[in-house]
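Q: Sharing a structure here in structure tokens format.
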Amino acid sequence: MMLLWKLLLLLSFIGCLAENGKPHGPVFIHEPHDIVFPVDSEERKATLNCEAKGNPTPHYRWQRNGTDFDVSVDYRYNLIGGSLVINNPVRTQDYGTYQCFVTNSFGTIVSREAKLQFAYLENFKGKSRNNVSVREGQGVVLLCGAPSHSTELKYAWIFNQFPTFVEQDNHRFVSQKTGNLYISKVEVSDVGAYTCEIENTVTNKRVLSPPTPLVLRTDGVMGEYEPKIEVRFPEIVFAAKGSTVKLECFALGNPVPAISWRKIGGSFSDKVKANKTFGVLEIPNFQQKDSGTYECTAENSRGKNTASGQLVFYARPNWIRSIADAFVPIEESLQWVCKANGDPKPSHRWLKNGEPLMKEDRIQVEKGALTIPAVNLSDSGMYQCLAENKHGVIYLSAELQVLASAPDFSMSPLKKLIAVSVGGEVIIECKPKASPRPTFAWMKGNVILQENERRIILEDGSLRIANVTKKDGGHYTCIARNYFGSSNSTGTLMVKDPTRITIPPSDMDVTVGESTILPCQVSHDPSLSVEFAWSFNGQLIDFRRDRDHFEKVGGGSSGDLMIRNIQLKHAGRFVCMVQTTVDSASAAADLIVRVPPGPPGSVIMEEITDTTAQLSWSPGNDNHSPISMYTVQARTPFSVGWQVLNTVPDVIGGDAVTATVIDLSPWVEYEFRVVASNSIGIGEPSLPSEKSRTEEALPEVGPANVRGGDGSRSELVITWEPVPEELQNGEGFGYVVAFRPAGATSWMKAVVTSPDASRYVFRNESVPPFSPYEVKVGVYNNQGEGPYSSVYSVYSAEEEPTVAPFNVSARSLSASEVQVFWEAIPWETNKGKLRGYEIWYWTDDENEDVASKMISNGNHTTTKVTGLKGSTFYYMVVTAYSSAGTGPASSPVNVTTKKPPPSQAPGKIRWESASSRVVLNWDHVKAMENESEVTGYKVLYRNNRQSRTKVIETNNTSVELLLPDDADYFIEVKTFSDGGDGISSAQIRIPRMSYPDGGKSGASASNTCTLSAFSTIVLSLSARSALW
């Protein structure tokens, strides 16, 4: 009875706490960590952080060096929250290891240990040091002798005076372990005063030792001796995982020793590096594989010495399995397992509420496992698992709450209303909150329910009823009991008619592009609404996203699926799913989509000759429609795309996997592919086969379009179209050119070795000009000769003219044109055909070598040379030419072009209209001294609907026009003279005329007057002013 009262009081207390948030034990937010406090720091306080959360709010206490201490006994100590603040820390009093304890009504947890250390560096004592006397060539060690200090130091040496620091090289070394300066072989330049400088890496304080004078002895020079290692690393060095390890090694000797390193029984990884003197070996990010024995060797010409030591890997403990808060009903079991790794392997121990947890009859502690077979209320509390090795300790915390309560349905009552269909199965859940686990009983109405083969009370208290009938409907009550009390909850079971699919979808066979409907109609309880859904190959159909192909049709008890424009991707299983609030049903159907076949696979060229190839392939997917035939296609470097080939058999049946391709071209590289067909259509082609070349054969095609003629004197020129590469049938392809004079019986032959050649020239003084020859061109390759072309008749080269044109003369037409005249040369037709004449011309200040040329084709004896410069003296000669070349030139004639036309355009153009007339006026243009005199003017005009320009010439400075009324007019005026036409004036626009009876006027400068339009144009020329 006493136990029951205690339990009730505890439950009441916990319930009270729950009103202000979920109650729980303390959990660390911040734990203290190691602190190094500089003794001369301006910040005169040290803070060890400790913060935890909990409900109720936890309180804190601290231990130093394993002993509780009261922070209130010393004014220097303050607790801020849970953090310990030490004002004006004192090294002799406050140095030590600290732990924070956090407690609330659920228990106590302990923080990790944190060390408070003090960083300091005292000054050197004494003002001077004795001389160090050595012989030249002897090694020496200068001792630093660091004063009292804490934390890491950094060493350097000053030579004679600041800031000249000793530079480390192969014979000077400053050890960062001892601080001493080592000089392997003293030289005259080493003589002087040496001062050791020490820097505390935490406080940054620096102190200087008294100078140590280094002097040379006068009793001789030190001879050579073997190395003596003065700086060596320990025989065993413990190295933490991830740390940077530095090993020092330096030797005295004469000559100066060389330092080298090696790992015994292994090799260095890429990350290992030595400093420039090899006195320090550095291993960053130290790992297990870096452990082993390392050896330093010092060597000179007198011998060598070694030092070695073992690097031992260690790792602080690290959790690999943690524990979590546990809420265990009373009398049930608890097991926590925590596990950490590390090197050496860590051990495990447990704390409960900050105190060591010992093994006893009820509680089993085995390494990292804690087991309590049957918990009771006294087991509640805060537990911590500790993992430790000699390099550190880590903590895990978890809370154990032992649950004890009477059954309570307030948070999980039975469902008020449960619906099930006839013939179905229902589970009425009964899950009250209770500790320990209660026993269960059920009632239907007021009658205790007995279990049978259809009604079973499950282990968790729920009631399962199988093969439900209408009689199973009614009120059901679950009763739960344990020794703290009992409780019950009631719900109602309603039995509905089952949902059944009356018209299910059936398997269908369709062709791609068609549409179809899969039916799905149901019968169901009228009091229930029904919802339809469809899946395709296990994925729910999204009718909004896939509306182009899928639509749900029907309504009420029908949920048919319409599939539009069916594609191959729609082949598969469709499932109609019907759902009510009580039950569900489904039915499936397979949709087979027939499409053209898929691509055949693995096209292999089995055997190839000069014109045939034996192919094999593997069948592709027939896509539900048997393959009826195959077609073989090929591609060559010379074909445009893929071409269908002839085969044996001519029609390749759908069950075939081999065929012979015929009518191939010899010595051509082919790729083959195969295309399958069925009753639906032609499928996709296979991937191409590997490229294969047919064998060589004799050429079968001769050159085409054999022709000839032209060329130079004594030449016979023969031309042809080259045979395409795909018809050459092999390597070593060339041409055999055969020719003979007309009427002769024997052929002369020449070999042309280039397959791309298209011309052969036979040169011989015996070849008469313009004589008929019979020619033919044959072909050959490495296999032998092929056919010749047909025989064609061609003529040898003509003879070039042998005389020059005579009676050559020239007359200047304008500043840029000259008319040239000559008499034709006599020509014998048996020498060929005279093609025309060439006119060569050059200026007085040019060389004949740069003369320009103009060609007059045919038998004309005069031509106009254009594009000349005005007022320029020209020489001109005429030559005749034929296809064989050009004849001799005539004697030069000279001619001077006329002065150029005026460079000034007519200006001040004015126009006016009266009735149907438009009158233009402009100012007379006066030529400059080097220009031709104006002999008249040209008026150019067109309407805006035409592109053809009309021209009127006049000797006056005015012109009268009658213009149609249906268009605007554009007008320009320019001069003409003996030198040709001058430049045009700016274009003016005469707008269409809109006032037939009125009058308007304008000037070219304004260009903005609207005039009346007329239907005809009359040109009237009248002199308004005489030419000056």
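FYI, nothing fancy with the structure tokens labels: chains A, B, ... in order, residues from 1 per chain, ligands from 1 as they appear.
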Please identify every residue of range 261-339 of chain A that has at least one atom no farther than 10 Å from an atom of range 227-248 of chain A, counting only C-alpha atoms, and for each give the shortest atom pair and the distance in Å to one decimal, arranged by chain then increasing number, as a tab-separated table.
A:
residue	atom	partner	partner_atom	distance
A:Val272	CA	A:Val245	CA	9.8
A:Lys273	CA	A:Lys246	CA	9.9
A:Ala274	CA	A:Lys246	CA	9.3
A:Phe278	CA	A:Glu248	CA	8.8
A:Gly279	CA	A:Glu248	CA	5.7
A:Val280	CA	A:Glu248	CA	4.6
A:Leu281	CA	A:Leu247	CA	5.1
A:Glu282	CA	A:Lys246	CA	4.6
A:Ile283	CA	A:Val245	CA	5.1
A:Pro284	CA	A:Thr244	CA	4.2
A:Asn285	CA	A:Gly242	CA	4.1
A:Phe286	CA	A:Gly242	CA	4.8
A:Gln287	CA	A:Lys241	CA	5.4
A:Gln288	CA	A:Lys241	CA	7.4
A:Asp290	CA	A:Ala239	CA	9.6
A:Ser291	CA	A:Ala239	CA	8.3
A:Gly292	CA	A:Ile236	CA	9.9
A:Thr293	CA	A:Ile236	CA	9.0
A:Tyr294	CA	A:Leu247	CA	9.1
A:Glu295	CA	A:Phe233	CA	9.7
A:Cys296	CA	A:Arg232	CA	8.4
A:Thr297	CA	A:Ile229	CA	8.8
A:Ala298	CA	A:Pro227	CA	6.1
A:Glu299	CA	A:Pro227	CA	6.2
A:Asn300	CA	A:Pro227	CA	6.8
A:Ser301	CA	A:Pro227	CA	9.3
A:Arg302	CA	A:Pro227	CA	7.7
A:Gly303	CA	A:Pro227	CA	6.8
A:Lys304	CA	A:Pro227	CA	5.8
A:Asn305	CA	A:Pro227	CA	6.1
A:Thr306	CA	A:Ile229	CA	7.5
A:Ala307	CA	A:Arg232	CA	6.5
A:Ser308	CA	A:Glu235	CA	6.6
A:Gly309	CA	A:Glu235	CA	4.0
A:Gln310	CA	A:Ile236	CA	4.8
A:Leu311	CA	A:Val237	CA	4.8
A:Val312	CA	A:Phe238	CA	4.8
A:Phe313	CA	A:Ala239	CA	5.1
A:Tyr314	CA	A:Ala240	CA	5.0
A:Ala315	CA	A:Lys241	CA	5.3
A:Arg316	CA	A:Ala240	CA	7.7
Q: Please dump the current selection as a PDB file, in the first residue's frame; keep C-alpha atoms.
A:
ATOM      1  CA  VAL A 272      55.661  13.582 -45.666  1.00  0.00           C
ATOM      2  CA  LYS A 273      58.196  16.372 -46.108  1.00  0.00           C
ATOM      3  CA  ALA A 274      61.572  17.402 -44.717  1.00  0.00           C
ATOM      4  CA  PHE A 278      66.542  17.744 -43.576  1.00  0.00           C
ATOM      5  CA  GLY A 279      66.894  18.330 -39.834  1.00  0.00           C
ATOM      6  CA  VAL A 280      63.109  18.079 -39.319  1.00  0.00           C
ATOM      7  CA  LEU A 281      60.810  15.388 -40.748  1.00  0.00           C
ATOM      8  CA  GLU A 282      57.156  16.535 -40.784  1.00  0.00           C
ATOM      9  CA  ILE A 283      54.177  14.172 -41.081  1.00  0.00           C
ATOM     10  CA  PRO A 284      50.885  16.106 -41.325  1.00  0.00           C
ATOM     11  CA  ASN A 285      47.458  14.539 -40.626  1.00  0.00           C
ATOM     12  CA  PHE A 286      48.962  11.508 -38.886  1.00  0.00           C
ATOM     13  CA  GLN A 287      47.069   8.240 -39.484  1.00  0.00           C
ATOM     14  CA  GLN A 288      47.420   4.588 -38.447  1.00  0.00           C
ATOM     15  CA  ASP A 290      51.978   6.368 -40.778  1.00  0.00           C
ATOM     16  CA  SER A 291      52.999   4.527 -37.599  1.00  0.00           C
ATOM     17  CA  GLY A 292      56.225   2.536 -37.612  1.00  0.00           C
ATOM     18  CA  THR A 293      59.961   2.903 -37.071  1.00  0.00           C
ATOM     19  CA  TYR A 294      61.690   5.936 -38.571  1.00  0.00           C
ATOM     20  CA  GLU A 295      65.440   6.257 -38.945  1.00  0.00           C
ATOM     21  CA  CYS A 296      67.656   9.316 -39.342  1.00  0.00           C
ATOM     22  CA  THR A 297      71.121   8.906 -40.858  1.00  0.00           C
ATOM     23  CA  ALA A 298      73.953  11.451 -40.562  1.00  0.00           C
ATOM     24  CA  GLU A 299      76.813  10.791 -42.965  1.00  0.00           C
ATOM     25  CA  ASN A 300      80.041  12.389 -44.126  1.00  0.00           C
ATOM     26  CA  SER A 301      83.265  11.159 -45.704  1.00  0.00           C
ATOM     27  CA  ARG A 302      84.530   9.876 -42.336  1.00  0.00           C
ATOM     28  CA  GLY A 303      81.548   7.633 -41.614  1.00  0.00           C
ATOM     29  CA  LYS A 304      77.914   7.670 -40.612  1.00  0.00           C
ATOM     30  CA  ASN A 305      75.678   7.356 -37.587  1.00  0.00           C
ATOM     31  CA  THR A 306      71.981   6.596 -37.156  1.00  0.00           C
ATOM     32  CA  ALA A 307      69.182   7.270 -34.735  1.00  0.00           C
ATOM     33  CA  SER A 308      65.769   5.619 -34.805  1.00  0.00           C
ATOM     34  CA  GLY A 309      62.515   5.691 -32.955  1.00  0.00           C
ATOM     35  CA  GLN A 310      59.023   4.267 -33.159  1.00  0.00           C
ATOM     36  CA  LEU A 311      55.957   6.375 -33.950  1.00  0.00           C
ATOM     37  CA  VAL A 312      52.973   4.892 -32.107  1.00  0.00           C
ATOM     38  CA  PHE A 313      49.514   5.840 -33.321  1.00  0.00           C
ATOM     39  CA  TYR A 314      46.843   6.686 -30.781  1.00  0.00           C
ATOM     40  CA  ALA A 315      43.298   7.951 -31.037  1.00  0.00           C
ATOM     41  CA  ARG A 316      41.041   9.372 -28.383  1.00  0.00           C
TER      42      ARG A 316
END
Q: Identify, on the basis of only C-alpha atoms, every residue whose closest approach to Val865 in chain A does not exceed 9 Å; exclude the query and any residue fewer than 2 positions from it along the same chain; express the result as a PyMOL selection string.
A: chain A and resi 816-820+839+854+863+867-868
Q: Env of Gln138 in chain A: 7 Å cut, atoms = only C-alpha atoms, seq-sep filter 3 positions within chain, self excluded. Answer as a CSV table (one decimal) with N, CA, C and O atoms, in the first residue's frame.
A:
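Saved to selection-v8.csv:
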chain,number,residue,atom,x,y,z
A,134,VAL,N,86.2,26.8,-28.8
A,134,VAL,CA,86.2,25.6,-29.7
A,134,VAL,C,87.3,25.8,-30.7
A,134,VAL,O,87.7,27.0,-31.0
A,135,ARG,N,87.8,24.7,-31.3
A,135,ARG,CA,88.7,24.8,-32.4
A,135,ARG,C,87.9,24.9,-33.7
A,135,ARG,O,86.8,24.5,-33.8
A,185,LYS,N,79.9,22.3,-37.6
A,185,LYS,CA,81.4,22.5,-37.9
A,185,LYS,C,81.6,24.0,-37.8
A,185,LYS,O,81.1,24.7,-38.6
A,186,VAL,N,82.4,24.4,-36.7
A,186,VAL,CA,82.6,25.8,-36.5
A,186,VAL,C,83.6,26.4,-37.5
A,186,VAL,O,84.6,25.7,-37.8
A,222,MET,N,90.6,21.5,-35.7
A,222,MET,CA,90.1,20.2,-35.5
A,222,MET,C,90.1,19.4,-36.8
A,222,MET,O,89.7,19.9,-37.9
Q: So, counting only C-alpha atoms, which residue among A:Thr195, A:Gly907, A:Asn944, A:Ile183 is closest to Asn160 in chain A?
A: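 Of all the options, A:Thr195 lies closest to Asn160 in chain A.
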Q: When DSSP works through the backbone of this structure, what residues of range 136-347 of chain A end up as helix (DSSP H, G or I), shown as an NGL selection string?
A: :A and (188-190 or 288-290)
Q: Write out as a PyMOL selection string all residues of range 375-407 of chain A that DSSP puts in strand (DSSP E) for this structure's backbone.
A: chain A and resi 381-389+392-403+405-407
Q: Kindly save the residues from that selection, with C-alpha atoms included, as a compact mmCIF listing (two decimals), in the first residue's frame.
A:
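And here's part_34.txt as it stands now:
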# COMPACT_ATOMS: atom_id res chain seq x y z
CA GLY A 381 17.21 8.67 -13.29
CA MET A 382 20.02 10.04 -15.48
CA TYR A 383 22.52 7.53 -16.85
CA GLN A 384 25.88 8.21 -18.49
CA CYS A 385 28.15 5.89 -20.44
CA LEU A 386 31.87 6.71 -20.30
CA ALA A 387 34.47 5.47 -22.81
CA GLU A 388 38.11 6.08 -21.91
CA ASN A 389 41.64 5.22 -22.78
CA GLY A 392 40.97 10.80 -23.10
CA VAL A 393 37.45 10.13 -21.88
CA ILE A 394 34.08 10.89 -23.53
CA TYR A 395 30.53 10.91 -22.12
CA LEU A 396 27.05 9.95 -23.35
CA SER A 397 23.91 10.86 -21.40
CA ALA A 398 20.37 9.43 -21.45
CA GLU A 399 17.34 9.52 -19.20
CA LEU A 400 15.35 6.53 -17.99
CA GLN A 401 11.74 7.22 -17.05
CA VAL A 402 9.82 4.27 -15.59
CA LEU A 403 6.15 4.53 -16.53
CA SER A 405 -0.28 4.29 -14.61
CA ALA A 406 -3.80 2.85 -14.69
CA PRO A 407 -5.39 2.30 -18.16
Q: With a distance cut-off of 9 Å and only C-alpha atoms, select the neighbouring residues of Asn859 in chain A, excluding the residue or stretch itself and same-chain residues fewer than 5 positions from it, and output the selection as a PDB file with N, CA, C and O atoms, in the first residue's frame.
A:
ATOM      1  N   ALA A 824      41.710  43.832-140.896  1.00  0.00           N
ATOM      2  CA  ALA A 824      41.870  42.432-140.527  1.00  0.00           C
ATOM      3  C   ALA A 824      43.104  41.830-141.178  1.00  0.00           C
ATOM      4  O   ALA A 824      43.482  42.212-142.293  1.00  0.00           O
ATOM      5  N   LEU A 834      40.586  32.175-136.424  1.00  0.00           N
ATOM      6  CA  LEU A 834      40.947  33.431-135.772  1.00  0.00           C
ATOM      7  C   LEU A 834      39.867  33.772-134.748  1.00  0.00           C
ATOM      8  O   LEU A 834      38.686  33.891-135.092  1.00  0.00           O
ATOM      9  N   ARG A 835      40.272  33.934-133.466  1.00  0.00           N
ATOM     10  CA  ARG A 835      39.286  34.138-132.406  1.00  0.00           C
ATOM     11  C   ARG A 835      38.931  35.607-132.185  1.00  0.00           C
ATOM     12  O   ARG A 835      37.852  35.918-131.683  1.00  0.00           O
ATOM     13  N   GLY A 836      39.854  36.544-132.522  1.00  0.00           N
ATOM     14  CA  GLY A 836      39.569  37.951-132.299  1.00  0.00           C
ATOM     15  C   GLY A 836      40.844  38.756-132.169  1.00  0.00           C
ATOM     16  O   GLY A 836      41.931  38.326-132.587  1.00  0.00           O
ATOM     17  N   TYR A 837      40.691  39.956-131.557  1.00  0.00           N
ATOM     18  CA  TYR A 837      41.816  40.886-131.450  1.00  0.00           C
ATOM     19  C   TYR A 837      41.921  41.388-130.010  1.00  0.00           C
ATOM     20  O   TYR A 837      40.917  41.498-129.298  1.00  0.00           O
TER      21      TYR A 837
END
Q: What's around range 199-212 of chain A at 10 Å? Count only C-alpha atoms, leave out sequence neighbours fewer than 4 positions away in its own chain, and write the answer as a VMD selection string.
A: chain A and resid 36 to 41 118 to 132 142 to 147 149 to 161 192 to 195
Q: Need the shell around Gly887 in chain A: protein/DNA/RNA residues with any atom at most 12 Å away, counting only C-alpha atoms. Skip same-chain ones fewer than 2 positions apart. Format as a ChimeraX atom specification?
A: /A:799-805,825,827,834-838,877-885,889-890
Q: For the selection just defined, write its residues with N, CA and C atoms to a file, as a PDB file, in the first residue's frame.
A:
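Wrote it out as result06.pdb, contents follow:
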ATOM      1  N   GLU A 799      47.417  27.266-135.120  1.00  0.00           N
ATOM      2  CA  GLU A 799      48.641  28.053-135.179  1.00  0.00           C
ATOM      3  C   GLU A 799      48.304  29.481-134.811  1.00  0.00           C
ATOM      4  N   GLU A 800      49.191  30.131-134.001  1.00  0.00           N
ATOM      5  CA  GLU A 800      48.921  31.512-133.625  1.00  0.00           C
ATOM      6  C   GLU A 800      49.164  32.408-134.837  1.00  0.00           C
ATOM      7  N   PRO A 801      48.512  33.582-134.879  1.00  0.00           N
ATOM      8  CA  PRO A 801      48.712  34.508-136.011  1.00  0.00           C
ATOM      9  C   PRO A 801      50.189  34.868-136.147  1.00  0.00           C
ATOM     10  N   THR A 802      50.604  35.099-137.430  1.00  0.00           N
ATOM     11  CA  THR A 802      52.018  35.405-137.688  1.00  0.00           C
ATOM     12  C   THR A 802      52.230  36.833-138.143  1.00  0.00           C
ATOM     13  N   VAL A 803      51.163  37.582-138.384  1.00  0.00           N
ATOM     14  CA  VAL A 803      51.287  38.986-138.823  1.00  0.00           C
ATOM     15  C   VAL A 803      50.479  39.863-137.899  1.00  0.00           C
ATOM     16  N   ALA A 804      50.841  41.139-137.888  1.00  0.00           N
ATOM     17  CA  ALA A 804      50.153  42.113-137.034  1.00  0.00           C
ATOM     18  C   ALA A 804      49.077  42.840-137.837  1.00  0.00           C
ATOM     19  N   PRO A 805      47.999  43.250-137.157  1.00  0.00           N
ATOM     20  CA  PRO A 805      47.012  44.094-137.832  1.00  0.00           C
ATOM     21  C   PRO A 805      47.693  45.375-138.344  1.00  0.00           C
ATOM     22  N   ILE A 825      43.709  40.862-140.486  1.00  0.00           N
ATOM     23  CA  ILE A 825      44.890  40.196-141.020  1.00  0.00           C
ATOM     24  C   ILE A 825      44.443  39.072-141.944  1.00  0.00           C
ATOM     25  N   TRP A 827      44.195  35.239-143.132  1.00  0.00           N
ATOM     26  CA  TRP A 827      44.191  34.021-142.296  1.00  0.00           C
ATOM     27  C   TRP A 827      43.859  32.815-143.152  1.00  0.00           C
ATOM     28  N   LEU A 834      40.586  32.175-136.424  1.00  0.00           N
ATOM     29  CA  LEU A 834      40.947  33.431-135.772  1.00  0.00           C
ATOM     30  C   LEU A 834      39.867  33.772-134.748  1.00  0.00           C
ATOM     31  N   ARG A 835      40.272  33.934-133.466  1.00  0.00           N
ATOM     32  CA  ARG A 835      39.286  34.138-132.406  1.00  0.00           C
ATOM     33  C   ARG A 835      38.931  35.607-132.185  1.00  0.00           C
ATOM     34  N   GLY A 836      39.854  36.544-132.522  1.00  0.00           N
ATOM     35  CA  GLY A 836      39.569  37.951-132.299  1.00  0.00           C
ATOM     36  C   GLY A 836      40.844  38.756-132.169  1.00  0.00           C
ATOM     37  N   TYR A 837      40.691  39.956-131.557  1.00  0.00           N
ATOM     38  CA  TYR A 837      41.816  40.886-131.450  1.00  0.00           C
ATOM     39  C   TYR A 837      41.921  41.388-130.010  1.00  0.00           C
ATOM     40  N   GLU A 838      43.152  41.710-129.615  1.00  0.00           N
ATOM     41  CA  GLU A 838      43.417  42.293-128.304  1.00  0.00           C
ATOM     42  C   GLU A 838      43.949  43.699-128.506  1.00  0.00           C
ATOM     43  N   VAL A 877      48.196  49.522-129.177  1.00  0.00           N
ATOM     44  CA  VAL A 877      48.591  48.543-130.188  1.00  0.00           C
ATOM     45  C   VAL A 877      47.492  47.501-130.274  1.00  0.00           C
ATOM     46  N   VAL A 878      47.430  46.789-131.449  1.00  0.00           N
ATOM     47  CA  VAL A 878      46.409  45.756-131.671  1.00  0.00           C
ATOM     48  C   VAL A 878      47.134  44.468-132.087  1.00  0.00           C
ATOM     49  N   THR A 879      46.709  43.317-131.469  1.00  0.00           N
ATOM     50  CA  THR A 879      47.227  41.997-131.848  1.00  0.00           C
ATOM     51  C   THR A 879      46.062  41.084-132.150  1.00  0.00           C
ATOM     52  N   ALA A 880      46.288  40.135-133.075  1.00  0.00           N
ATOM     53  CA  ALA A 880      45.301  39.091-133.349  1.00  0.00           C
ATOM     54  C   ALA A 880      45.643  37.868-132.499  1.00  0.00           C
ATOM     55  N   TYR A 881      44.600  37.048-132.193  1.00  0.00           N
ATOM     56  CA  TYR A 881      44.865  35.850-131.396  1.00  0.00           C
ATOM     57  C   TYR A 881      43.975  34.706-131.852  1.00  0.00           C
ATOM     58  N   SER A 882      44.487  33.523-131.605  1.00  0.00           N
ATOM     59  CA  SER A 882      43.728  32.289-131.831  1.00  0.00           C
ATOM     60  C   SER A 882      43.831  31.464-130.551  1.00  0.00           C
ATOM     61  N   SER A 883      43.301  30.234-130.570  1.00  0.00           N
ATOM     62  CA  SER A 883      43.377  29.385-129.381  1.00  0.00           C
ATOM     63  C   SER A 883      44.809  28.990-129.071  1.00  0.00           C
ATOM     64  N   ALA A 884      45.709  29.088-130.090  1.00  0.00           N
ATOM     65  CA  ALA A 884      47.106  28.721-129.871  1.00  0.00           C
ATOM     66  C   ALA A 884      47.905  29.859-129.258  1.00  0.00           C
ATOM     67  N   GLY A 885      47.408  31.073-129.313  1.00  0.00           N
ATOM     68  CA  GLY A 885      48.148  32.168-128.713  1.00  0.00           C
ATOM     69  C   GLY A 885      47.916  33.467-129.452  1.00  0.00           C
ATOM     70  N   ALA A 889      52.325  42.326-132.405  1.00  0.00           N
ATOM     71  CA  ALA A 889      51.559  43.559-132.206  1.00  0.00           C
ATOM     72  C   ALA A 889      51.802  44.531-133.329  1.00  0.00           C
ATOM     73  N   SER A 890      50.790  45.347-133.553  1.00  0.00           N
ATOM     74  CA  SER A 890      50.924  46.425-134.532  1.00  0.00           C
ATOM     75  C   SER A 890      51.854  47.494-134.000  1.00  0.00           C
TER      76      SER A 890
END
Q: For Lys415 in chain A, which residue among A:Met562, A:Leu463, A:Leu493, A:Ile501 is the nearest when counting only C-alpha atoms?
A: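 For Lys415 in chain A, the nearest of the given residues is A:Leu493.
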Q: In Å, rounded to a single decimal, give me how far CA of Glu669 in chain A is from CA of Glu721 in chain A.
A: 23.0 Å
